[in-house]
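S.K.: Provided below: protein.pdb, containing PDB, C-alpha atoms.
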```
ATOM      1  CA  MET A   1       8.059 -17.206   8.056
ATOM      2  CA  LYS A   2       5.281 -14.664   7.479
ATOM      3  CA  SER A   3       7.445 -11.823   8.820
ATOM      4  CA  PHE A   4      10.312 -12.952   6.570
ATOM      5  CA  LEU A   5       8.153 -13.070   3.421
ATOM      6  CA  PRO A   6       8.369  -9.294   2.651
ATOM      7  CA  TRP A   7      12.166  -9.565   2.703
ATOM      8  CA  LEU A   8      12.072 -12.546   0.320
ATOM      9  CA  ILE A   9       9.840 -10.558  -2.046
ATOM     10  CA  LEU A  10      12.163  -7.553  -1.755
ATOM     11  CA  GLY A  11      15.114  -9.787  -2.567
ATOM     12  CA  TYR A  12      13.331 -11.271  -5.587
ATOM     13  CA  MET A  13      12.482  -7.822  -6.966
ATOM     14  CA  GLY A  14      16.035  -6.582  -6.498
ATOM     15  CA  ILE A  15      17.603  -9.642  -8.122
ATOM     16  CA  VAL A  16      15.317  -9.919 -11.174
ATOM     17  CA  TRP A  17      15.060  -6.177 -11.842
ATOM     18  CA  GLY A  18      18.863  -6.056 -11.652
ATOM     19  CA  LEU A  19      19.013  -8.968 -14.099
ATOM     20  CA  SER A  20      16.864  -7.039 -16.597
ATOM     21  CA  PHE A  21      19.829  -4.745 -17.410
ATOM     22  CA  SER A  22      21.917  -7.702 -18.556
ATOM     23  CA  LEU A  23      18.977  -9.267 -20.399
ATOM     24  CA  SER A  24      18.490  -5.990 -22.264
ATOM     25  CA  LYS A  25      22.116  -6.080 -23.427
ATOM     26  CA  ILE A  26      21.687  -9.704 -24.489
ATOM     27  CA  ALA A  27      18.489  -8.872 -26.431
ATOM     28  CA  VAL A  28      20.204  -6.049 -28.310
ATOM     29  CA  GLY A  29      23.215  -8.267 -28.984
ATOM     30  CA  LEU A  30      20.953 -10.970 -30.444
ATOM     31  CA  GLY A  31      19.620  -8.520 -33.024
ATOM     32  CA  GLY A  32      16.711  -6.903 -31.228
ATOM     33  CA  THR A  33      16.002  -3.313 -32.270
ATOM     34  CA  PRO A  34      15.076  -0.614 -29.712
ATOM     35  CA  ILE A  35      11.630  -0.042 -31.274
ATOM     36  CA  GLY A  36      10.978  -3.763 -31.710
ATOM     37  CA  LEU A  37      12.079  -4.683 -28.192
ATOM     38  CA  THR A  38      10.013  -1.874 -26.700
ATOM     39  CA  PHE A  39       6.941  -3.023 -28.646
ATOM     40  CA  TRP A  40       7.192  -6.667 -27.638
ATOM     41  CA  THR A  41       8.084  -6.071 -23.984
ATOM     42  CA  CYS A  42       5.258  -3.521 -23.610
ATOM     43  CA  LEU A  43       2.779  -5.863 -25.295
ATOM     44  CA  LEU A  44       3.727  -8.952 -23.300
ATOM     45  CA  THR A  45       3.983  -7.057 -20.001
ATOM     46  CA  GLY A  46       0.580  -5.470 -20.633
ATOM     47  CA  LEU A  47      -1.012  -8.840 -21.471
ATOM     48  CA  MET A  48       0.452 -10.431 -18.330
ATOM     49  CA  LEU A  49      -0.889  -7.594 -16.163
ATOM     50  CA  LEU A  50      -4.244  -7.862 -17.960
ATOM     51  CA  PHE A  51      -4.407 -11.578 -17.144
ATOM     52  CA  TYR A  52      -3.506 -10.846 -13.514
ATOM     53  CA  SER A  53      -6.258  -8.221 -13.294
ATOM     54  CA  ILE A  54      -8.826 -10.564 -14.839
ATOM     55  CA  ILE A  55      -8.124 -13.444 -12.451
ATOM     56  CA  ARG A  56      -8.512 -10.992  -9.576
ATOM     57  CA  GLY A  57     -11.874  -9.927 -10.947
ATOM     58  CA  GLN A  58     -10.759  -6.386 -11.806
ATOM     59  CA  LYS A  59     -12.122  -4.767 -14.951
ATOM     60  CA  ILE A  60      -9.871  -2.556 -17.074
ATOM     61  CA  ARG A  61     -11.945   0.578 -17.499
ATOM     62  CA  PHE A  62     -10.760   4.076 -18.286
ATOM     63  CA  LYS A  63     -12.847   7.210 -18.374
ATOM     64  CA  LEU A  64     -12.733   9.273 -21.555
ATOM     65  CA  LYS A  65     -11.258  12.226 -19.653
ATOM     66  CA  ASP A  66      -8.341  10.033 -18.536
ATOM     67  CA  LEU A  67      -7.267   8.950 -22.025
ATOM     68  CA  GLN A  68      -5.171  12.077 -22.624
ATOM     69  CA  ILE A  69      -3.132  11.588 -19.454
ATOM     70  CA  ILE A  70      -2.792   7.841 -20.099
ATOM     71  CA  LEU A  71      -1.474   8.637 -23.575
ATOM     72  CA  LEU A  72       1.106  10.994 -22.056
ATOM     73  CA  LEU A  73       2.086   8.329 -19.508
ATOM     74  CA  ALA A  74       2.450   5.778 -22.318
ATOM     75  CA  PHE A  75       5.134   8.015 -23.851
ATOM     76  CA  LEU A  76       6.852   9.002 -20.583
ATOM     77  CA  GLY A  77       6.600   5.686 -18.746
ATOM     78  CA  ALA A  78       6.929   3.105 -21.507
ATOM     79  CA  MET A  79       7.897   4.125 -25.033
ATOM     80  CA  LEU A  80      10.566   6.799 -24.517
ATOM     81  CA  PRO A  81      12.405   5.341 -21.497
ATOM     82  CA  ASN A  82      12.495   1.833 -22.971
ATOM     83  CA  MET A  83      13.771   3.005 -26.354
ATOM     84  CA  PHE A  84      16.415   5.262 -24.758
ATOM     85  CA  PHE A  85      17.405   2.328 -22.571
ATOM     86  CA  TYR A  86      17.760  -0.172 -25.421
ATOM     87  CA  TYR A  87      19.736   2.301 -27.541
ATOM     88  CA  ALA A  88      22.135   2.804 -24.611
ATOM     89  CA  ALA A  89      22.294  -0.931 -23.831
ATOM     90  CA  ALA A  90      24.007  -1.572 -27.155
ATOM     91  CA  HIS A  91      26.927   0.676 -26.183
ATOM     92  CA  ILE A  92      27.512   0.641 -22.396
ATOM     93  CA  SER A  93      27.853  -2.075 -19.789
ATOM     94  CA  ALA A  94      25.012  -3.518 -17.722
ATOM     95  CA  GLY A  95      26.701  -2.116 -14.616
ATOM     96  CA  LEU A  96      26.639   1.428 -15.984
ATOM     97  CA  LEU A  97      22.993   0.992 -17.007
ATOM     98  CA  SER A  98      22.084  -0.010 -13.465
ATOM     99  CA  ILE A  99      23.881   3.025 -12.028
ATOM    100  CA  THR A 100      22.051   5.462 -14.308
ATOM    101  CA  ILE A 101      18.641   4.138 -13.204
ATOM    102  CA  THR A 102      19.262   5.654  -9.750
ATOM    103  CA  VAL A 103      18.831   9.048 -11.420
ATOM    104  CA  VAL A 104      15.035   8.443 -11.263
ATOM    105  CA  PRO A 105      14.399   9.329  -7.582
ATOM    106  CA  ILE A 106      17.004  12.089  -7.634
ATOM    107  CA  ALA A 107      15.570  13.704 -10.777
ATOM    108  CA  THR A 108      12.044  13.274  -9.399
ATOM    109  CA  TYR A 109      12.866  15.290  -6.301
ATOM    110  CA  ALA A 110      14.804  17.918  -8.297
ATOM    111  CA  LEU A 111      11.847  18.429 -10.650
ATOM    112  CA  SER A 112       9.394  18.420  -7.728
ATOM    113  CA  PHE A 113      11.413  21.146  -6.030
ATOM    114  CA  ILE A 114      11.604  23.249  -9.209
ATOM    115  CA  LEU A 115       7.834  22.927  -9.701
ATOM    116  CA  LYS A 116       7.237  23.685  -6.010
ATOM    117  CA  LEU A 117       5.621  20.309  -5.390
ATOM    118  CA  GLU A 118       8.108  19.588  -2.604
ATOM    119  CA  ALA A 119       9.271  21.827   0.223
ATOM    120  CA  ILE A 120      12.929  22.807   0.419
ATOM    121  CA  SER A 121      15.057  20.277   2.292
ATOM    122  CA  ALA A 122      18.781  20.660   2.823
ATOM    123  CA  ARG A 123      19.191  16.892   3.128
ATOM    124  CA  ARG A 124      17.381  16.118  -0.121
ATOM    125  CA  ILE A 125      19.045  18.955  -2.072
ATOM    126  CA  THR A 126      22.379  17.525  -0.890
ATOM    127  CA  GLY A 127      21.220  14.206  -2.337
ATOM    128  CA  VAL A 128      20.630  15.873  -5.701
ATOM    129  CA  PHE A 129      24.193  17.255  -5.649
ATOM    130  CA  PHE A 130      25.517  13.783  -4.848
ATOM    131  CA  GLY A 131      23.610  12.441  -7.859
ATOM    132  CA  VAL A 132      24.988  15.131 -10.162
ATOM    133  CA  GLY A 133      28.465  14.486  -8.775
ATOM    134  CA  ALA A 134      28.088  10.763  -9.487
ATOM    135  CA  ILE A 135      27.326  11.419 -13.155
ATOM    136  CA  LEU A 136      30.206  13.901 -13.435
ATOM    137  CA  VAL A 137      32.563  11.326 -11.923
ATOM    138  CA  LEU A 138      31.483   8.951 -14.692
ATOM    139  CA  VAL A 139      31.832  11.286 -17.662
ATOM    140  CA  LEU A 140      34.631  13.754 -16.823
ATOM    141  CA  PRO A 141      37.766  11.792 -15.770
ATOM    142  CA  GLU A 142      39.884  10.680 -18.708
ATOM    143  CA  ASN A 143      40.188   7.058 -17.550
ATOM    144  CA  SER A 144      36.758   6.533 -15.987
ATOM    145  CA  LEU A 145      35.408   4.672 -19.039
ATOM    146  CA  PRO A 146      37.082   2.240 -21.456
ATOM    147  CA  ASN A 147      35.855   4.376 -24.370
ATOM    148  CA  LYS A 148      35.015   8.087 -24.074
ATOM    149  CA  ASN A 149      32.340   7.607 -26.763
ATOM    150  CA  GLU A 150      30.339   5.889 -24.010
ATOM    151  CA  VAL A 151      29.686   9.318 -22.459
ATOM    152  CA  VAL A 152      27.015  10.018 -25.081
ATOM    153  CA  TRP A 153      25.259   6.745 -24.302
ATOM    154  CA  ILE A 154      25.401   7.343 -20.557
ATOM    155  CA  ILE A 155      23.541  10.589 -21.228
ATOM    156  CA  VAL A 156      21.000   8.660 -23.342
ATOM    157  CA  ALA A 157      20.525   6.192 -20.467
ATOM    158  CA  CYS A 158      20.020   9.132 -18.095
ATOM    159  CA  LEU A 159      17.325  10.454 -20.461
ATOM    160  CA  SER A 160      15.498   7.190 -19.834
ATOM    161  CA  SER A 161      15.614   7.845 -16.077
ATOM    162  CA  ILE A 162      14.526  11.470 -16.532
ATOM    163  CA  SER A 163      11.562  10.258 -18.575
ATOM    164  CA  TYR A 164      10.509   8.030 -15.671
ATOM    165  CA  ALA A 165      10.927  11.018 -13.342
ATOM    166  CA  LEU A 166       8.649  13.093 -15.587
ATOM    167  CA  GLU A 167       6.103  10.269 -15.395
ATOM    168  CA  ASN A 168       6.259  10.461 -11.593
ATOM    169  CA  ILE A 169       5.764  14.229 -11.688
ATOM    170  CA  THR A 170       2.832  13.881 -14.102
ATOM    171  CA  LEU A 171       1.135  11.427 -11.757
ATOM    172  CA  ALA A 172       1.813  13.688  -8.775
ATOM    173  CA  ILE A 173       0.267  16.711 -10.521
ATOM    174  CA  ARG A 174      -2.583  15.049 -12.365
ATOM    175  CA  GLY A 175      -3.193  11.669 -10.776
ATOM    176  CA  ILE A 176      -5.807   9.172 -11.950
ATOM    177  CA  ASP A 177      -8.509   8.384  -9.415
ATOM    178  CA  GLY A 178     -10.229   5.023  -9.299
ATOM    179  CA  ILE A 179      -7.575   3.131 -11.277
ATOM    180  CA  GLY A 180      -5.218   0.842  -9.402
ATOM    181  CA  PRO A 181      -1.514   1.004 -10.246
ATOM    182  CA  VAL A 182      -1.465  -2.489 -11.771
ATOM    183  CA  ARG A 183      -4.392  -1.718 -14.079
ATOM    184  CA  LEU A 184      -2.892   1.669 -14.923
ATOM    185  CA  SER A 185       0.431   0.047 -15.845
ATOM    186  CA  CYS A 186      -1.477  -2.531 -17.905
ATOM    187  CA  GLY A 187      -3.250   0.220 -19.856
ATOM    188  CA  ILE A 188      -0.056   2.230 -20.345
ATOM    189  CA  ASN A 189       1.879  -0.777 -21.686
ATOM    190  CA  LEU A 190      -0.901  -1.943 -24.021
ATOM    191  CA  LEU A 191      -1.454   1.574 -25.395
ATOM    192  CA  ALA A 192       2.312   1.988 -25.910
ATOM    193  CA  ALA A 193       2.399  -1.351 -27.763
ATOM    194  CA  LEU A 194      -0.525  -0.296 -29.969
ATOM    195  CA  ILE A 195       1.123   3.006 -30.922
ATOM    196  CA  LEU A 196       4.524   1.412 -31.541
ATOM    197  CA  GLY A 197       2.979  -1.464 -33.492
ATOM    198  CA  VAL A 198       1.199   0.898 -35.889
ATOM    199  CA  PHE A 199       4.219   3.215 -36.157
ATOM    200  CA  SER A 200       6.724   0.429 -36.808
ATOM    201  CA  TYR A 201       4.439  -1.277 -39.352
ATOM    202  CA  PHE A 202       3.942   1.819 -41.497
ATOM    203  CA  THR A 203       7.619   2.843 -41.261
ATOM    204  CA  ASP A 204       8.955  -0.656 -42.051
ATOM    205  CA  ASN A 205      10.527  -0.906 -38.593
ATOM    206  CA  PHE A 206       8.356  -3.760 -37.342
ATOM    207  CA  MET A 207      10.314  -6.587 -35.717
ATOM    208  CA  PRO A 208       8.387  -9.884 -35.895
ATOM    209  CA  VAL A 209       8.785 -12.083 -32.858
ATOM    210  CA  PRO A 210      11.503 -14.650 -33.644
ATOM    211  CA  LEU A 211       9.787 -17.977 -34.462
ATOM    212  CA  PRO A 212      10.478 -20.779 -34.080
ATOM    213  CA  VAL A 213      11.545 -19.915 -30.552
ATOM    214  CA  THR A 214      15.101 -18.563 -30.379
ATOM    215  CA  ALA A 215      17.308 -17.140 -27.648
ATOM    216  CA  LEU A 216      15.962 -13.671 -28.496
ATOM    217  CA  THR A 217      12.376 -14.906 -28.013
ATOM    218  CA  TRP A 218      13.196 -16.262 -24.542
ATOM    219  CA  THR A 219      15.058 -13.079 -23.629
ATOM    220  CA  ILE A 220      12.094 -10.876 -24.597
ATOM    221  CA  LEU A 221       9.766 -13.144 -22.631
ATOM    222  CA  GLY A 222      12.109 -12.990 -19.624
ATOM    223  CA  ILE A 223      12.267  -9.179 -19.643
ATOM    224  CA  SER A 224       8.463  -8.995 -19.916
ATOM    225  CA  LEU A 225       7.942 -11.535 -17.127
ATOM    226  CA  ILE A 226      10.314  -9.592 -14.874
ATOM    227  CA  GLY A 227       8.474  -6.346 -15.615
ATOM    228  CA  ALA A 228       5.034  -7.830 -14.872
ATOM    229  CA  THR A 229       5.855  -9.887 -11.773
ATOM    230  CA  ALA A 230       8.268  -7.462 -10.111
ATOM    231  CA  TYR A 231       5.949  -4.492 -10.635
ATOM    232  CA  THR A 232       2.950  -6.389  -9.252
ATOM    233  CA  LEU A 233       4.953  -7.479  -6.202
ATOM    234  CA  PHE A 234       6.202  -3.906  -5.777
ATOM    235  CA  VAL A 235       2.616  -2.618  -5.622
ATOM    236  CA  LEU A 236       1.652  -5.371  -3.165
ATOM    237  CA  THR A 237       4.706  -4.587  -1.023
ATOM    238  CA  ILE A 238       3.681  -0.929  -0.832
ATOM    239  CA  ALA A 239       0.183  -2.003   0.241
ATOM    240  CA  ASN A 240       1.346  -4.526   2.845
ATOM    241  CA  SER A 241       4.643  -3.111   4.136
ATOM    242  CA  GLY A 242       4.511   0.593   3.233
ATOM    243  CA  PRO A 243       6.262   2.741   0.608
ATOM    244  CA  LEU A 244       9.403   3.270   2.712
ATOM    245  CA  PHE A 245      10.086  -0.460   2.965
ATOM    246  CA  ALA A 246       9.300  -0.944  -0.735
ATOM    247  CA  SER A 247      11.599   1.902  -1.777
ATOM    248  CA  GLN A 248      14.613  -0.046  -0.482
ATOM    249  CA  VAL A 249      14.398  -2.219  -3.580
ATOM    250  CA  ALA A 250      16.082   0.598  -5.541
ATOM    251  CA  PHE A 251      19.382  -0.065  -3.734
ATOM    252  CA  LEU A 252      19.139  -3.815  -4.390
ATOM    253  CA  VAL A 253      18.335  -3.269  -8.076
ATOM    254  CA  THR A 254      21.402  -1.101  -8.632
ATOM    255  CA  ILE A 255      23.801  -3.351  -6.740
ATOM    256  CA  SER A 256      22.456  -6.571  -8.277
ATOM    257  CA  GLY A 257      22.558  -4.959 -11.728
ATOM    258  CA  VAL A 258      26.282  -4.321 -11.318
ATOM    259  CA  LEU A 259      26.862  -7.849  -9.977
ATOM    260  CA  TRP A 260      24.864  -9.495 -12.787
ATOM    261  CA  GLY A 261      26.983  -7.598 -15.313
ATOM    262  CA  ILE A 262      30.143  -8.946 -13.685
ATOM    263  CA  LEU A 263      28.754 -12.500 -13.519
ATOM    264  CA  ILE A 264      27.309 -12.702 -17.054
ATOM    265  CA  PHE A 265      29.671 -10.507 -19.062
ATOM    266  CA  GLY A 266      32.762 -10.480 -16.846
ATOM    267  CA  GLU A 267      32.536  -6.674 -16.665
ATOM    268  CA  LYS A 268      35.365  -4.810 -14.981
ATOM    269  CA  HIS A 269      34.951  -1.236 -13.798
ATOM    270  CA  SER A 270      37.414   1.536 -13.028
ATOM    271  CA  SER A 271      37.664   3.039  -9.553
ATOM    272  CA  TRP A 272      35.760   6.061 -10.915
ATOM    273  CA  VAL A 273      32.754   3.878 -11.735
ATOM    274  CA  TRP A 274      32.752   2.362  -8.234
ATOM    275  CA  LEU A 275      33.004   5.858  -6.745
ATOM    276  CA  SER A 276      30.074   6.938  -8.930
ATOM    277  CA  LEU A 277      28.045   3.978  -7.651
ATOM    278  CA  VAL A 278      28.722   4.933  -4.035
ATOM    279  CA  LEU A 279      27.883   8.606  -4.639
ATOM    280  CA  MET A 280      24.671   7.678  -6.458
ATOM    281  CA  LEU A 281      23.543   5.364  -3.640
ATOM    282  CA  ILE A 282      24.245   8.088  -1.078
ATOM    283  CA  GLY A 283      22.332  10.612  -3.174
ATOM    284  CA  MET A 284      19.404   8.207  -3.540
ATOM    285  CA  SER A 285      19.276   7.603   0.215
ATOM    286  CA  LEU A 286      19.288  11.351   0.919
ATOM    287  CA  VAL A 287      16.425  12.199  -1.442
ATOM    288  CA  SER A 288      14.258   9.358  -0.139
ATOM    289  CA  PRO A 289      11.512  10.592   2.221
ATOM    290  CA  LYS A 290      12.189  10.156   5.920
ATOM    291  CA  ARG A 291      10.014   7.821   7.948
ATOM    292  CA  LYS A 292       7.287   9.832   9.635
ATOM    293  CA  SER A 293       7.088   9.532  13.367
TER     294      SER A 293
END
```
Go ahead and render the structure in this file as structure tokens.

M.R.:
Amino acid sequence: MKSFLPWLILGYMGIVWGLSFSLSKIAVGLGGTPIGLTFWTCLLTGLMLLFYSIIRGQKIRFKLKDLQIILLLAFLGAMLPNMFFYYAAAHISAGLLSITITVVPIATYALSFILKLEAISARRITGVFFGVGAILVLVLPENSLPNKNEVVWIIVACLSSISYALENITLAIRGIDGIGPVRLSCGINLLAALILGVFSYFTDNFMPVPLPVTALTWTILGISLIGATAYTLFVLTIANSGPLFASQVAFLVTISGVLWGILIFGEKHSSWVWLSLVLMLIGMSLVSPKRKS
């Protein structure tokens, strides 16, 4: 059973992270605004991670010199990608959202190569071309999408993934020593919530949490719970089973995201969308680091 546990955890992460795409569409459909949803999910996720850190006896401490980089990460890893994502969720299917998230590892390697952080690799550059081809297959053919206006929102969803890739690059260049990933994510989410809370209040964009409890309240709580638990388990999986094993969750997230969209919304996709999914998965597998002997 112990040897099977990592696979159960991997399955949980893939299933619930894939479900988050559909929950995001539901939240937007119930009247949630991109700024409001980002604020509440960041706040609740941060508080959950804070509670987890406290019960493990870990103190949330940041050095003054780290605040600038944490502020940048709050924009790149929380505020911008979440807002882009929620804006796109109102206009494209959950399946398409889950396909665009695979741009993250592909864009990360492409940016790493441009910045000379990664050595040239024919296999991984081929993966980048597969990723670009997957997006082109989505946006160029006349009958790939039910509505060609969705092209704009696919690009917006890809901006969310590129923002996450920029976060990865920032961490690779700068790094933050002495802060565990869970505590770092906690700080990023709480700082993002603070900034968005102040901004939305003074611009009359604040979205009060729906009380008494409504379907939107439960949906926001569900998205936040998924973010906190899946991320914590992802970090633990890296520690216990290695980054290569943990990275396989990306495939499960994309596939389950498409399947959840079909199950919840009855989504139907053209052959071009399925081809894009296959190309994106191939590209993602090619840019993933090889296991070292």

S.K.: For the atom pair atom CA of Thr219 of chain A and atom CA of Gly95 of chain A, what is the interatomic distance in Å to one decimal place?

M.R.: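 One can read the atom CA of Thr219 of chain A to atom CA of Gly95 of chain A distance as 18.4 Å.
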
S.K.: For the structure provided, state which residues fall under the PyMOL selection byres ((chain A and resi 61) around 12), and present them as a PyMOL selection string.

M.R.: chain A and resi 50+53-54+58-60+62-67+70+176-180+183-184+186-187

S.K.: Determine the residue membership of the PyMOL selection byres ((chain A and resi 254) around 9) for the file above and supply it as a list in words.

M.R.: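 When the PyMOL selection byres ((chain A and resi 254) around 9) is applied, the selected residues are Gly14, Trp17, Gly18, Gly95, Leu97, Ser98, Ile99, Thr100, Ile101, Thr102, Val249, Ala250, Phe251, Leu252, Val253, Ile255, Ser256, Gly257, Val258, Leu259, Leu277 and Leu281 of chain A.
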
S.K.: Would you mind listing what lies within 9 Å of Ser22 of chain A as number ranges by chain, with all atoms listed in the file counted and same-chain residues fewer than 2 positions away left out?

M.R.: A: 18-20, 24-27, 89, 93-95, 97, 257, 260-261, 264-265

S.K.: Just want the 10 Å neighbourhood of Gly77 of chain A, counted on all atoms listed in the file, with same-chain residues fewer than 3 positions away dropped. Output as a ChimeraX atom specification.

M.R.: /A:70-74,80-82,160-161,163-168,185,188-189,192

S.K.: Name the residues that the PyMOL selection byres ((chain A and resi 226) around 12) pulls out of this structure, and write them as a JSON list (two decimals) with C-alpha atoms, in the frame of the given file.

M.R.:
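The resulting file, part.json, is shown below:
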```
[["chain", "number", "residue", "atom", "x", "y", "z"],
["A", 12, "TYR", "CA", 13.33, -11.27, -5.59],
["A", 13, "MET", "CA", 12.48, -7.82, -6.97],
["A", 14, "GLY", "CA", 16.04, -6.58, -6.50],
["A", 15, "ILE", "CA", 17.60, -9.64, -8.12],
["A", 16, "VAL", "CA", 15.32, -9.92, -11.17],
["A", 17, "TRP", "CA", 15.06, -6.18, -11.84],
["A", 18, "GLY", "CA", 18.86, -6.06, -11.65],
["A", 19, "LEU", "CA", 19.01, -8.97, -14.10],
["A", 20, "SER", "CA", 16.86, -7.04, -16.60],
["A", 21, "PHE", "CA", 19.83, -4.74, -17.41],
["A", 23, "LEU", "CA", 18.98, -9.27, -20.40],
["A", 24, "SER", "CA", 18.49, -5.99, -22.26],
["A", 41, "THR", "CA", 8.08, -6.07, -23.98],
["A", 42, "CYS", "CA", 5.26, -3.52, -23.61],
["A", 44, "LEU", "CA", 3.73, -8.95, -23.30],
["A", 45, "THR", "CA", 3.98, -7.06, -20.00],
["A", 48, "MET", "CA", 0.45, -10.43, -18.33],
["A", 49, "LEU", "CA", -0.89, -7.59, -16.16],
["A", 219, "THR", "CA", 15.06, -13.08, -23.63],
["A", 220, "ILE", "CA", 12.09, -10.88, -24.60],
["A", 221, "LEU", "CA", 9.77, -13.14, -22.63],
["A", 222, "GLY", "CA", 12.11, -12.99, -19.62],
["A", 223, "ILE", "CA", 12.27, -9.18, -19.64],
["A", 224, "SER", "CA", 8.46, -8.99, -19.92],
["A", 225, "LEU", "CA", 7.94, -11.54, -17.13],
["A", 227, "GLY", "CA", 8.47, -6.35, -15.62],
["A", 228, "ALA", "CA", 5.03, -7.83, -14.87],
["A", 229, "THR", "CA", 5.86, -9.89, -11.77],
["A", 230, "ALA", "CA", 8.27, -7.46, -10.11],
["A", 231, "TYR", "CA", 5.95, -4.49, -10.64],
["A", 232, "THR", "CA", 2.95, -6.39, -9.25],
["A", 233, "LEU", "CA", 4.95, -7.48, -6.20],
["A", 234, "PHE", "CA", 6.20, -3.91, -5.78]]
```

S.K.: I'd like the interatomic distance between atom CA of Phe51 of chain A and atom CA of Ile173 of chain A, to a tenth of an Å.

M.R.: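 If I compute the distance from atom CA of Phe51 of chain A to atom CA of Ile173 of chain A, I get 29.4 Å.
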
S.K.: What is the distance between atom CA of His269 of chain A and atom CA of Trp153 of chain A, in Å to one decimal?

M.R.: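 So the two atoms, atom CA of His269 of chain A and atom CA of Trp153 of chain A, lie 16.4 Å apart.
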
S.K.: What's around Pro210 of chain A at 10 Å? Count only C-alpha atoms, leave out sequence neighbours fewer than 6 positions away in its own chain, and write the answer as a ChimeraX atom specification.

M.R.: /A:32,216-218,220

S.K.: Kindly export the residues of the current selection with C-alpha atoms, as a CSV table (one decimal), keeping the file's coordinate frame.

M.R.:
```csv
chain,number,residue,atom,x,y,z
A,32,GLY,CA,16.7,-6.9,-31.2
A,216,LEU,CA,16.0,-13.7,-28.5
A,217,THR,CA,12.4,-14.9,-28.0
A,218,TRP,CA,13.2,-16.3,-24.5
A,220,ILE,CA,12.1,-10.9,-24.6
```

S.K.: Hey, which of A:Ala134, A:Leu76, A:Cys158, A:Val213 ends up closest to Ile282 of chain A? Count only C-alpha atoms.

M.R.: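 Between A:Ala134, A:Leu76, A:Cys158, A:Val213, the residue approaching Ile282 of chain A most closely is A:Ala134.
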
S.K.: Pick out the closest residue to Tyr52 of chain A from this set: A:Ala246, A:Gly29, A:Val182, A:Val278. Count all atoms listed in the file.

M.R.: A:Val182

S.K.: Nearest residue to Trp274 of chain A out of A:Val137, A:Val104, A:Val132, A:Ala78, using only C-alpha atoms?

M.R.: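 Of the candidates, the smallest distance to Trp274 of chain A is held by A:Val137.
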
S.K.: Please write a file for segment 184-188 of chain A, taken from the block I just shared, that holds all heavy atoms and is laid out as an mmCIF file, in the first residue's frame.

M.R.:
```cif
data_model
loop_
_atom_site.group_PDB
_atom_site.id
_atom_site.type_symbol
_atom_site.label_atom_id
_atom_site.label_comp_id
_atom_site.auth_asym_id
_atom_site.auth_seq_id
_atom_site.Cartn_x
_atom_site.Cartn_y
_atom_site.Cartn_z
ATOM 1 N N LEU A 184 6.499 29.968 0.845
ATOM 2 C CA LEU A 184 6.630 30.987 -0.206
ATOM 3 C C LEU A 184 5.291 31.201 -0.903
ATOM 4 O O LEU A 184 4.862 32.341 -1.123
ATOM 5 C CB LEU A 184 7.696 30.571 -1.217
ATOM 6 C CG LEU A 184 7.902 31.528 -2.405
ATOM 7 C CD1 LEU A 184 8.336 32.905 -1.920
ATOM 8 C CD2 LEU A 184 8.936 30.961 -3.380
ATOM 9 N N SER A 185 4.615 30.109 -1.249
ATOM 10 C CA SER A 185 3.304 30.210 -1.894
ATOM 11 C C SER A 185 2.301 30.891 -0.969
ATOM 12 O O SER A 185 1.461 31.685 -1.426
ATOM 13 C CB SER A 185 2.799 28.820 -2.288
ATOM 14 O OG SER A 185 1.542 28.901 -2.919
ATOM 15 N N CYS A 186 2.387 30.598 0.323
ATOM 16 C CA CYS A 186 1.514 31.245 1.308
ATOM 17 C C CYS A 186 1.726 32.750 1.275
ATOM 18 O O CYS A 186 0.762 33.526 1.194
ATOM 19 C CB CYS A 186 1.818 30.681 2.695
ATOM 20 S SG CYS A 186 0.962 31.555 4.039
ATOM 21 N N GLY A 187 2.987 33.187 1.333
ATOM 22 C CA GLY A 187 3.296 34.613 1.312
ATOM 23 C C GLY A 187 2.862 35.284 0.029
ATOM 24 O O GLY A 187 2.318 36.400 0.050
ATOM 25 N N ILE A 188 3.091 34.617 -1.107
ATOM 26 C CA ILE A 188 2.706 35.172 -2.406
ATOM 27 C C ILE A 188 1.195 35.383 -2.481
ATOM 28 O O ILE A 188 0.706 36.429 -2.908
ATOM 29 C CB ILE A 188 3.189 34.253 -3.541
ATOM 30 C CG1 ILE A 188 4.711 34.326 -3.674
ATOM 31 C CG2 ILE A 188 2.513 34.610 -4.869
ATOM 32 C CD1 ILE A 188 5.288 33.284 -4.613
#
```
